[in-house]
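Chemist: Got structure-v6.cif for you, mmCIF, C-alpha atoms:
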```cif
data_input
#
loop_
_atom_site.group_PDB
_atom_site.id
_atom_site.type_symbol
_atom_site.label_atom_id
_atom_site.label_comp_id
_atom_site.auth_asym_id
_atom_site.auth_seq_id
_atom_site.Cartn_x
_atom_site.Cartn_y
_atom_site.Cartn_z
ATOM 1 C CA MET A 194 -23.742 207.880 -38.779
ATOM 2 C CA SER A 195 -21.879 205.972 -41.423
ATOM 3 C CA VAL A 196 -22.003 202.263 -40.643
ATOM 4 C CA GLU A 197 -20.480 200.922 -43.851
ATOM 5 C CA HIS A 198 -17.993 198.787 -41.920
ATOM 6 C CA TYR A 199 -20.717 197.260 -39.742
ATOM 7 C CA GLU A 200 -23.637 197.068 -42.144
ATOM 8 C CA ASN A 201 -25.285 194.133 -40.383
ATOM 9 C CA PHE A 202 -25.546 195.661 -36.913
ATOM 10 C CA PRO A 203 -27.041 198.915 -35.603
ATOM 11 C CA VAL A 204 -24.442 201.377 -34.328
ATOM 12 C CA ALA A 205 -26.226 204.592 -33.355
ATOM 13 C CA SER A 206 -29.746 204.227 -34.630
ATOM 14 C CA ILE A 207 -32.799 206.334 -33.999
ATOM 15 C CA LEU A 208 -33.579 203.959 -31.129
ATOM 16 C CA LEU A 209 -30.909 205.678 -29.056
ATOM 17 C CA PRO A 210 -32.027 208.610 -26.903
ATOM 18 C CA LYS A 211 -31.196 211.861 -28.640
ATOM 19 C CA ARG A 212 -29.140 213.047 -25.667
ATOM 20 C CA LEU A 213 -26.730 210.103 -26.062
ATOM 21 C CA ARG A 214 -26.168 210.251 -29.799
ATOM 22 C CA PRO A 215 -23.324 212.824 -29.693
ATOM 23 C CA ALA A 216 -21.535 210.702 -27.090
ATOM 24 C CA VAL A 217 -21.957 207.512 -29.104
ATOM 25 C CA GLU A 218 -20.785 209.299 -32.249
ATOM 26 C CA ALA A 219 -17.659 210.563 -30.465
ATOM 27 C CA ILE A 220 -16.825 207.065 -29.232
ATOM 28 C CA TYR A 221 -17.551 205.554 -32.643
ATOM 29 C CA ALA A 222 -15.372 208.123 -34.423
ATOM 30 C CA PHE A 223 -12.473 207.262 -32.127
ATOM 31 C CA ALA A 224 -12.900 203.503 -32.509
ATOM 32 C CA ARG A 225 -13.580 203.563 -36.251
ATOM 33 C CA SER A 226 -10.634 205.816 -37.084
ATOM 34 C CA ALA A 227 -8.275 203.792 -34.874
ATOM 35 C CA ASP A 228 -9.418 200.570 -36.531
ATOM 36 C CA ASP A 229 -8.812 202.128 -39.937
ATOM 37 C CA LEU A 230 -5.282 203.070 -38.895
ATOM 38 C CA ALA A 231 -4.625 199.372 -38.297
ATOM 39 C CA ASP A 232 -6.361 198.067 -41.425
ATOM 40 C CA GLU A 233 -6.840 200.583 -44.209
ATOM 41 C CA GLY A 234 -4.510 202.239 -46.671
ATOM 42 C CA ASP A 235 -0.913 201.442 -47.597
ATOM 43 C CA ALA A 236 0.943 202.414 -44.416
ATOM 44 C CA THR A 237 3.769 200.198 -43.222
ATOM 45 C CA PRO A 238 3.317 198.174 -40.032
ATOM 46 C CA ASP A 239 5.725 200.502 -38.221
ATOM 47 C CA GLN A 240 3.724 203.564 -39.286
ATOM 48 C CA ARG A 241 0.449 201.954 -38.218
ATOM 49 C CA LEU A 242 1.866 201.172 -34.790
ATOM 50 C CA ALA A 243 3.242 204.710 -34.487
ATOM 51 C CA ASP A 244 -0.146 206.207 -35.374
ATOM 52 C CA LEU A 245 -1.895 204.012 -32.819
ATOM 53 C CA ALA A 246 0.702 204.979 -30.227
ATOM 54 C CA ALA A 247 -0.216 208.616 -30.946
ATOM 55 C CA TYR A 248 -3.830 207.737 -30.127
ATOM 56 C CA GLU A 249 -2.676 206.238 -26.845
ATOM 57 C CA ALA A 250 -0.770 209.430 -26.104
ATOM 58 C CA ALA A 251 -3.944 211.418 -26.790
ATOM 59 C CA LEU A 252 -5.828 209.254 -24.283
ATOM 60 C CA ASP A 253 -3.010 209.890 -21.805
ATOM 61 C CA ARG A 254 -3.562 213.612 -22.274
ATOM 62 C CA ILE A 255 -7.298 213.237 -21.634
ATOM 63 C CA ALA A 256 -6.514 211.247 -18.490
ATOM 64 C CA GLY A 257 -4.168 214.029 -17.397
ATOM 65 C CA GLY A 258 -6.808 216.715 -17.836
ATOM 66 C CA ALA A 259 -5.267 218.424 -20.880
ATOM 67 C CA THR A 260 -7.566 220.640 -22.955
ATOM 68 C CA ASP A 261 -5.656 221.362 -26.183
ATOM 69 C CA HIS A 262 -6.727 218.313 -28.191
ATOM 70 C CA SER A 263 -7.418 217.779 -31.872
ATOM 71 C CA PRO A 264 -11.137 218.165 -32.692
ATOM 72 C CA MET A 265 -11.904 214.421 -32.546
ATOM 73 C CA PHE A 266 -10.177 213.945 -29.209
ATOM 74 C CA GLU A 267 -11.673 217.148 -27.836
ATOM 75 C CA ARG A 268 -15.158 215.751 -28.512
ATOM 76 C CA LEU A 269 -14.104 212.508 -26.866
ATOM 77 C CA ALA A 270 -12.653 214.363 -23.862
ATOM 78 C CA VAL A 271 -15.931 216.244 -23.392
ATOM 79 C CA VAL A 272 -17.872 212.960 -23.408
ATOM 80 C CA VAL A 273 -15.427 211.344 -20.970
ATOM 81 C CA ARG A 274 -15.835 214.247 -18.550
ATOM 82 C CA GLU A 275 -19.604 214.553 -18.942
ATOM 83 C CA TYR A 276 -20.333 210.862 -18.368
ATOM 84 C CA ASP A 277 -17.319 210.008 -16.205
ATOM 85 C CA LEU A 278 -16.358 207.297 -18.679
ATOM 86 C CA PRO A 279 -13.450 204.973 -17.910
ATOM 87 C CA LEU A 280 -10.566 205.173 -20.355
ATOM 88 C CA ALA A 281 -9.553 201.525 -19.859
ATOM 89 C CA PRO A 282 -11.960 200.263 -22.564
ATOM 90 C CA MET A 283 -10.483 202.742 -25.054
ATOM 91 C CA TYR A 284 -6.939 201.644 -24.276
ATOM 92 C CA ALA A 285 -8.125 198.053 -24.692
ATOM 93 C CA LEU A 286 -9.465 198.831 -28.167
ATOM 94 C CA LEU A 287 -6.127 200.310 -29.165
ATOM 95 C CA SER A 288 -4.274 197.247 -27.892
ATOM 96 C CA ALA A 289 -6.476 195.043 -30.100
ATOM 97 C CA PHE A 290 -5.916 197.251 -33.124
ATOM 98 C CA LYS A 291 -2.155 197.130 -32.559
ATOM 99 C CA GLN A 292 -2.441 193.363 -32.360
ATOM 100 C CA ASP A 293 -4.146 193.366 -35.766
ATOM 101 C CA VAL A 294 -0.963 194.817 -37.219
ATOM 102 C CA THR A 295 1.291 192.051 -35.931
ATOM 103 C CA VAL A 296 -0.866 188.972 -35.267
ATOM 104 C CA HIS A 297 -2.656 187.257 -38.150
ATOM 105 C CA ARG A 298 -3.345 183.823 -36.673
ATOM 106 C CA TYR A 299 -4.821 182.574 -33.379
ATOM 107 C CA ALA A 300 -3.732 179.218 -32.030
ATOM 108 C CA THR A 301 -6.654 178.615 -29.679
ATOM 109 C CA TYR A 302 -10.231 179.662 -29.056
ATOM 110 C CA GLY A 303 -9.069 181.173 -25.776
ATOM 111 C CA ALA A 304 -6.603 183.395 -27.626
ATOM 112 C CA LEU A 305 -9.340 184.501 -30.004
ATOM 113 C CA LEU A 306 -11.676 185.320 -27.101
ATOM 114 C CA ASP A 307 -8.895 187.372 -25.508
ATOM 115 C CA TYR A 308 -8.736 189.390 -28.712
ATOM 116 C CA CYS A 309 -12.537 189.799 -28.698
ATOM 117 C CA ALA A 310 -12.330 190.977 -25.080
ATOM 118 C CA ARG A 311 -10.285 193.930 -26.317
ATOM 119 C CA SER A 312 -11.625 194.481 -29.847
ATOM 120 C CA ALA A 313 -15.370 194.230 -29.149
ATOM 121 C CA ASN A 314 -16.281 194.013 -25.478
ATOM 122 C CA PRO A 315 -15.011 197.528 -24.594
ATOM 123 C CA VAL A 316 -17.735 199.074 -26.754
ATOM 124 C CA GLY A 317 -20.386 197.326 -24.678
ATOM 125 C CA HIS A 318 -18.707 198.526 -21.486
ATOM 126 C CA LEU A 319 -18.730 202.114 -22.691
ATOM 127 C CA MET A 320 -22.396 201.923 -23.692
ATOM 128 C CA LEU A 321 -23.373 200.536 -20.294
ATOM 129 C CA HIS A 322 -21.455 203.338 -18.591
ATOM 130 C CA LEU A 323 -23.288 205.890 -20.755
ATOM 131 C CA TYR A 324 -26.569 204.445 -19.534
ATOM 132 C CA GLY A 325 -25.409 204.191 -15.926
ATOM 133 C CA GLN A 326 -25.981 200.419 -16.023
ATOM 134 C CA ALA A 327 -22.411 199.079 -15.743
ATOM 135 C CA ASN A 328 -22.943 196.542 -12.967
ATOM 136 C CA GLU A 329 -21.220 193.155 -12.858
ATOM 137 C CA GLU A 330 -24.109 191.153 -14.290
ATOM 138 C CA ASN A 331 -24.700 193.546 -17.157
ATOM 139 C CA LEU A 332 -21.013 193.721 -18.040
ATOM 140 C CA ARG A 333 -20.794 189.926 -18.083
ATOM 141 C CA ASP A 334 -23.736 189.545 -20.461
ATOM 142 C CA SER A 335 -22.564 192.447 -22.593
ATOM 143 C CA ASP A 336 -19.214 190.708 -23.003
ATOM 144 C CA ALA A 337 -20.991 187.579 -24.244
ATOM 145 C CA ILE A 338 -23.042 189.545 -26.786
ATOM 146 C CA CYS A 339 -20.094 191.594 -28.038
ATOM 147 C CA SER A 340 -17.739 188.617 -28.313
ATOM 148 C CA ALA A 341 -20.445 186.634 -30.101
ATOM 149 C CA LEU A 342 -20.937 189.474 -32.581
ATOM 150 C CA GLN A 343 -17.199 189.582 -33.217
ATOM 151 C CA LEU A 344 -17.036 185.826 -33.759
ATOM 152 C CA ILE A 345 -20.029 186.001 -36.098
ATOM 153 C CA ASN A 346 -18.278 188.729 -38.050
ATOM 154 C CA PHE A 347 -15.221 186.495 -38.367
ATOM 155 C CA LEU A 348 -17.327 183.604 -39.681
ATOM 156 C CA GLN A 349 -19.080 185.912 -42.118
ATOM 157 C CA ASP A 350 -15.832 187.456 -43.387
ATOM 158 C CA VAL A 351 -13.531 184.447 -43.726
ATOM 159 C CA ALA A 352 -12.890 185.197 -47.406
ATOM 160 C CA ILE A 353 -12.309 188.927 -46.824
ATOM 161 C CA ASP A 354 -9.889 188.279 -43.981
ATOM 162 C CA LEU A 355 -8.079 185.588 -45.970
ATOM 163 C CA HIS A 356 -7.519 188.132 -48.740
ATOM 164 C CA LYS A 357 -5.765 190.254 -46.076
ATOM 165 C CA GLU A 358 -3.709 187.166 -45.108
ATOM 166 C CA ARG A 359 -5.561 186.871 -41.799
ATOM 167 C CA ILE A 360 -7.365 183.905 -40.285
ATOM 168 C CA TYR A 361 -9.682 184.540 -37.351
ATOM 169 C CA LEU A 362 -10.505 180.866 -36.828
ATOM 170 C CA PRO A 363 -8.681 178.972 -34.071
ATOM 171 C CA LEU A 364 -5.850 176.958 -35.586
ATOM 172 C CA GLU A 365 -6.661 174.205 -33.093
ATOM 173 C CA ASP A 366 -10.057 173.848 -34.774
ATOM 174 C CA LEU A 367 -8.558 173.744 -38.245
ATOM 175 C CA ASN A 368 -6.188 171.061 -37.046
ATOM 176 C CA ARG A 369 -9.005 169.057 -35.411
ATOM 177 C CA TYR A 370 -10.885 168.971 -38.714
ATOM 178 C CA ALA A 371 -7.718 168.388 -40.790
ATOM 179 C CA ILE A 372 -7.977 171.666 -42.708
ATOM 180 C CA LEU A 373 -4.774 173.370 -43.791
ATOM 181 C CA PRO A 374 -4.679 177.131 -43.097
ATOM 182 C CA GLY A 375 -3.427 177.718 -46.628
ATOM 183 C CA ALA A 376 -6.221 175.685 -48.228
ATOM 184 C CA LEU A 377 -9.442 176.702 -46.473
ATOM 185 C CA ASP A 378 -11.424 176.576 -49.702
ATOM 186 C CA ALA A 379 -9.759 173.558 -51.269
ATOM 187 C CA PRO A 380 -12.351 171.294 -52.962
ATOM 188 C CA ASP A 381 -11.219 168.219 -51.033
ATOM 189 C CA SER A 382 -11.576 170.126 -47.725
ATOM 190 C CA ARG A 383 -15.183 171.220 -48.188
ATOM 191 C CA PRO A 384 -16.909 168.398 -46.268
ATOM 192 C CA ARG A 385 -14.539 168.959 -43.344
ATOM 193 C CA TRP A 386 -14.959 172.721 -43.699
ATOM 194 C CA ARG A 387 -18.730 172.406 -43.381
ATOM 195 C CA ALA A 388 -18.352 170.223 -40.302
ATOM 196 C CA MET A 389 -15.990 172.712 -38.666
ATOM 197 C CA MET A 390 -18.166 175.698 -39.532
ATOM 198 C CA LYS A 391 -21.189 173.950 -38.069
ATOM 199 C CA PHE A 392 -19.221 173.655 -34.831
ATOM 200 C CA GLU A 393 -18.168 177.327 -34.961
ATOM 201 C CA VAL A 394 -21.719 178.522 -35.672
ATOM 202 C CA THR A 395 -23.140 176.429 -32.830
ATOM 203 C CA ARG A 396 -20.566 177.828 -30.393
ATOM 204 C CA ALA A 397 -21.148 181.439 -31.444
ATOM 205 C CA ARG A 398 -24.920 180.975 -31.158
ATOM 206 C CA ALA A 399 -24.589 179.536 -27.649
ATOM 207 C CA LEU A 400 -22.435 182.488 -26.599
ATOM 208 C CA MET A 401 -25.007 184.936 -27.960
ATOM 209 C CA HIS A 402 -27.816 183.131 -26.136
ATOM 210 C CA SER A 403 -25.866 183.304 -22.877
ATOM 211 C CA GLY A 404 -25.720 187.105 -23.022
ATOM 212 C CA ALA A 405 -29.235 187.687 -24.368
ATOM 213 C CA PRO A 406 -30.877 188.236 -20.933
ATOM 214 C CA LEU A 407 -29.183 191.647 -20.876
ATOM 215 C CA ALA A 408 -31.521 192.728 -23.673
ATOM 216 C CA LEU A 409 -34.467 191.940 -21.389
ATOM 217 C CA ARG A 410 -33.100 193.673 -18.300
ATOM 218 C CA MET A 411 -32.366 196.908 -20.161
ATOM 219 C CA LYS A 412 -35.549 198.937 -20.389
ATOM 220 C CA GLY A 413 -36.912 201.168 -23.096
ATOM 221 C CA ARG A 414 -35.280 201.831 -26.437
ATOM 222 C CA ILE A 415 -31.847 200.523 -25.478
ATOM 223 C CA GLY A 416 -33.409 197.183 -24.567
ATOM 224 C CA PHE A 417 -35.083 196.968 -27.953
ATOM 225 C CA GLU A 418 -31.872 198.059 -29.664
ATOM 226 C CA LEU A 419 -30.061 195.217 -27.922
ATOM 227 C CA ARG A 420 -32.730 192.737 -28.937
ATOM 228 C CA MET A 421 -32.293 193.900 -32.529
ATOM 229 C CA VAL A 422 -28.536 193.414 -32.232
ATOM 230 C CA VAL A 423 -28.955 189.918 -30.787
ATOM 231 C CA GLN A 424 -31.458 188.937 -33.441
ATOM 232 C CA GLY A 425 -29.306 190.425 -36.204
ATOM 233 C CA GLY A 426 -26.351 188.329 -35.110
ATOM 234 C CA LEU A 427 -28.456 185.181 -34.879
ATOM 235 C CA LYS A 428 -29.902 185.868 -38.336
ATOM 236 C CA ILE A 429 -26.390 186.004 -39.812
ATOM 237 C CA LEU A 430 -25.698 182.582 -38.315
ATOM 238 C CA ASP A 431 -28.929 181.314 -39.859
ATOM 239 C CA GLU A 432 -27.785 182.680 -43.223
ATOM 240 C CA ILE A 433 -24.392 180.980 -42.909
ATOM 241 C CA GLU A 434 -26.236 177.717 -42.353
ATOM 242 C CA ARG A 435 -28.589 178.419 -45.260
ATOM 243 C CA VAL A 436 -25.666 178.667 -47.720
ATOM 244 C CA GLN A 437 -24.258 175.442 -46.243
ATOM 245 C CA TYR A 438 -21.326 177.317 -44.707
ATOM 246 C CA ASP A 439 -19.941 178.389 -48.111
ATOM 247 C CA VAL A 440 -18.969 181.895 -47.016
ATOM 248 C CA PHE A 441 -16.386 182.040 -49.803
ATOM 249 C CA ARG A 442 -18.994 182.341 -52.551
ATOM 250 C CA HIS A 443 -21.996 183.501 -50.532
ATOM 251 C CA ARG A 444 -21.114 186.095 -47.904
ATOM 252 C CA PRO A 445 -24.214 186.489 -45.701
ATOM 253 C CA LYS A 446 -25.589 189.993 -45.690
ATOM 254 C CA LEU A 447 -28.925 191.169 -44.351
ATOM 255 C CA ASP A 448 -31.235 193.050 -46.695
ATOM 256 C CA ARG A 449 -34.324 195.100 -45.900
ATOM 257 C CA ARG A 450 -36.611 192.078 -45.793
ATOM 258 C CA ASP A 451 -34.238 190.344 -43.385
ATOM 259 C CA TRP A 452 -34.276 193.381 -41.103
ATOM 260 C CA VAL A 453 -38.068 193.344 -41.052
ATOM 261 C CA GLY A 454 -37.826 189.768 -39.802
ATOM 262 C CA VAL A 455 -35.191 190.777 -37.262
ATOM 263 C CA PHE A 456 -37.508 193.531 -36.030
ATOM 264 C CA TRP A 457 -40.385 191.136 -35.406
ATOM 265 C CA SER A 458 -38.071 188.580 -33.835
ATOM 266 C CA ALA A 459 -36.912 191.296 -31.438
ATOM 267 C CA VAL A 460 -40.552 192.120 -30.632
ATOM 268 C CA ARG A 461 -41.330 188.475 -29.870
ATOM 269 C CA MET A 462 -38.049 187.698 -28.121
ATOM 270 C CA LYS A 463 -39.028 189.021 -24.710
ATOM 271 C CA GLN A 464 -42.164 186.911 -24.488
ATOM 272 C CA ARG A 465 -40.421 183.758 -25.735
ATOM 273 C CA MET A 466 -37.621 184.042 -23.197
ATOM 274 C CA LYS A 467 -40.058 184.721 -20.356
ATOM 275 C CA SER A 468 -42.147 181.701 -21.239
ATOM 276 C CA ALA A 469 -39.245 179.230 -21.414
ATOM 277 C CA PRO A 470 -36.121 180.842 -19.888
ATOM 278 C CA LEU A 471 -34.426 177.597 -18.909
ATOM 279 C CA GLN A 472 -35.460 175.262 -21.693
ATOM 280 C CA GLY A 473 -33.169 176.543 -24.414
ATOM 281 C CA ALA A 474 -35.991 178.456 -26.054
ATOM 282 C CA THR A 475 -35.333 179.806 -29.527
ATOM 283 C CA LEU A 476 -34.657 183.527 -29.311
#
```
Could you spell out this file's structure in structure tokens?
Modeler:
Amino acid sequence: MSVEHYENFPVASILLPKRLRPAVEAIYAFARSADDLADEGDATPDQRLADLAAYEAALDRIAGGATDHSPMFERLAVVVREYDLPLAPMYALLSAFKQDVTVHRYATYGALLDYCARSANPVGHLMLHLYGQANEENLRDSDAICSALQLINFLQDVAIDLHKERIYLPLEDLNRYAILPGALDAPDSRPRWRAMMKFEVTRARALMHSGAPLALRMKGRIGFELRMVVQGGLKILDEIERVQYDVFRHRPKLDRRDWVGVFWSAVRMKQRMKSAPLQGATL
């Protein structure tokens, strides 16, 4: 699968059971193409919203049992029927993508988490349903991991998002550290920027740690895949700290050597968490 948009995190790696790869690819194709409708190309906002509404209508048709879909939605319909997948997470993704068209600032951390709950968490829900592991505890921890990954992506891509005239940092935090939204990279703001980013990194790391037990409860390859995802996200935070939070000139990106380290961290993670589960052990 192409993962050019999510180069730092596994999407459908060889760790996934072969039987599930077509299902994951169908879900990914839907989510990736819908996200591109909201973000890519030169379409007007009205056209983007109309295209996303057409995706919602296609989901409505799947829900109604229709069979004459376009090829992408036919593959998705087959997966929905085969695994009895809920459509609510897919509708939630579309609502987040529509929000991307019209909302470019978030006043509070709560508002940003609400966006994450619809832009990232649904993917975790769908994966747990594919594995038949969508119980309350697993969904809760999955939400923490997925939201943390989304927040980490925002911290990593501040400069990219700013170029698109978007800011995925809570305005309340910018205000607390006396940073103007229009001057994130101003020379006189850099000490305050570093202080704010340290706060954001610490919060994202804590959220990731809170969901990490899911990667221990899930057995086999999916458990290891999750540990890789957790460790990959934590490594990005480490890299943001290493460049002293200057994500404008040094966008963190994991290379092959980093992924080797992530692999071994994932191997060791289970033992470390078992040995000190309540003492804030490093993952």
Chemist: Check what the PyMOL selection byres ((chain A and resi 446) around 9) selects in the file above and give those residues as an NGL selection string.
Modeler: :A and (200-201 or 349 or 429 or 432 or 443-445 or 447-448 or 451)
Chemist: Closest to Pro363 (chain A) among A:Lys463, A:His297, A:Arg449, A:Arg212, using all atoms listed in the file?
Modeler: A:His297
Chemist: Evaluate the PyMOL selection byres ((chain A and resi 249-260) around 8) against this structure - the residues, as a list in words, please.
Modeler: Leu245, Ala246, Ala247, Tyr248, Asp261, His262, Phe266, Glu267, Ala270, Leu280, Tyr284 and Leu287 of chain A
Chemist: Could you please determine the separation between CA of Val436 (chain A) and CA of Ile360 (chain A) in Å, to one decimal place?
Modeler: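 CA of Val436 (chain A) sits 20.4 Å away from CA of Ile360 (chain A).
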Chemist: Give as a PyMOL selection string the residues that the PyMOL selection byres ((chain A and resi 373) around 12) matches when applied to the coordinates above.
Modeler: chain A and resi 360+362-372+374-379+381-383+385-386
Chemist: For CA of Gly426 (chain A) and CA of Ser288 (chain A), quote the distance in Å rounded to one decimal.
Modeler: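 CA of Ser288 (chain A) lies 24.9 Å from CA of Gly426 (chain A).
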Chemist: Would you compute the box with edges along x, y and z of the file around region 365-374 of chain A, including every atom the file lists for it and 3 Å extra on each side, and give its centre and edge lengths in Å to one decimal, as AutoDock Vina command-line options?
Modeler:
```
--center_x -7.8 --center_y 172.8 --center_z -38.4 --size_x 12.2 --size_y 14.7 --size_z 16.7
```
Chemist: In Å, rounded to a single decimal, give me how far CA of Ala224 (chain A) is from CA of Val271 (chain A).
Modeler: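 Here the two named atoms are 16.0 Å from each other.
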Chemist: Which of these, A:Ile345, A:Val316, A:Leu230, A:Val394, has the shortest distance to Pro279 (chain A) once you count all atoms listed in the file?
Modeler: A:Val316
Chemist: Could you check the closest approach to Leu355 (chain A) for each of A:Arg241, A:His322, A:Arg298, A:Arg396 and tell me which residue wins, using all atoms listed in the file?
Modeler: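 Among the listed residues, A:Arg298 lies closest to Leu355 (chain A).
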Chemist: Between A:Tyr324, A:Tyr438, A:Tyr276, A:Tyr361, which is the closest to Ala300 (chain A) once you count all atoms listed in the file?
Modeler: A:Tyr361
Chemist: Using all atoms listed in the file, pick whichever of A:His356, A:Glu434, A:Ala243, A:Phe441 has the shortest atom-to-atom distance to Pro380 (chain A).
Modeler: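 So, comparing all the options, the nearest one is A:Phe441.
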Chemist: Give the answer as one residue: which of A:Phe347, A:Leu323, A:Asn331, A:Asp354 has the shortest atom-to-atom distance to Asp232 (chain A), using only C-alpha atoms?
Modeler: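 That would be A:Asp354, the residue with the smallest distance to Asp232 (chain A).
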Chemist: I want to know what sits within 12 Å of Met421 (chain A), based on only C-alpha atoms, with residues of the same chain fewer than 2 positions away left out; could you give that as number ranges by chain?
Modeler: A: 201-204, 206, 208, 338, 405, 408-409, 414-419, 423-428, 451-463, 476
Chemist: Once you count all atoms listed in the file, which residues end up no further than 6 Å from (-25.3, 186.0, -28.8) in the file's frame, shown as a ChimeraX atom specification?
Modeler: /A:338,341,398,400-402,404,423
Chemist: For Ser312 (chain A), list every protein, DNA or RNA residue within 9 Å, evaluated using all atoms listed in the file, and leave out those in the same chain fewer than 3 positions away; present the list as a CSV table (one decimal) with C-alpha atoms, in the coordinates of the input.
Modeler:
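As written to disk, part25.csv reads:
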```csv
chain,number,residue,atom,x,y,z
A,285,ALA,CA,-8.1,198.1,-24.7
A,286,LEU,CA,-9.5,198.8,-28.2
A,287,LEU,CA,-6.1,200.3,-29.2
A,288,SER,CA,-4.3,197.2,-27.9
A,289,ALA,CA,-6.5,195.0,-30.1
A,290,PHE,CA,-5.9,197.3,-33.1
A,307,ASP,CA,-8.9,187.4,-25.5
A,308,TYR,CA,-8.7,189.4,-28.7
A,309,CYS,CA,-12.5,189.8,-28.7
A,315,PRO,CA,-15.0,197.5,-24.6
A,316,VAL,CA,-17.7,199.1,-26.8
A,340,SER,CA,-17.7,188.6,-28.3
A,343,GLN,CA,-17.2,189.6,-33.2
```
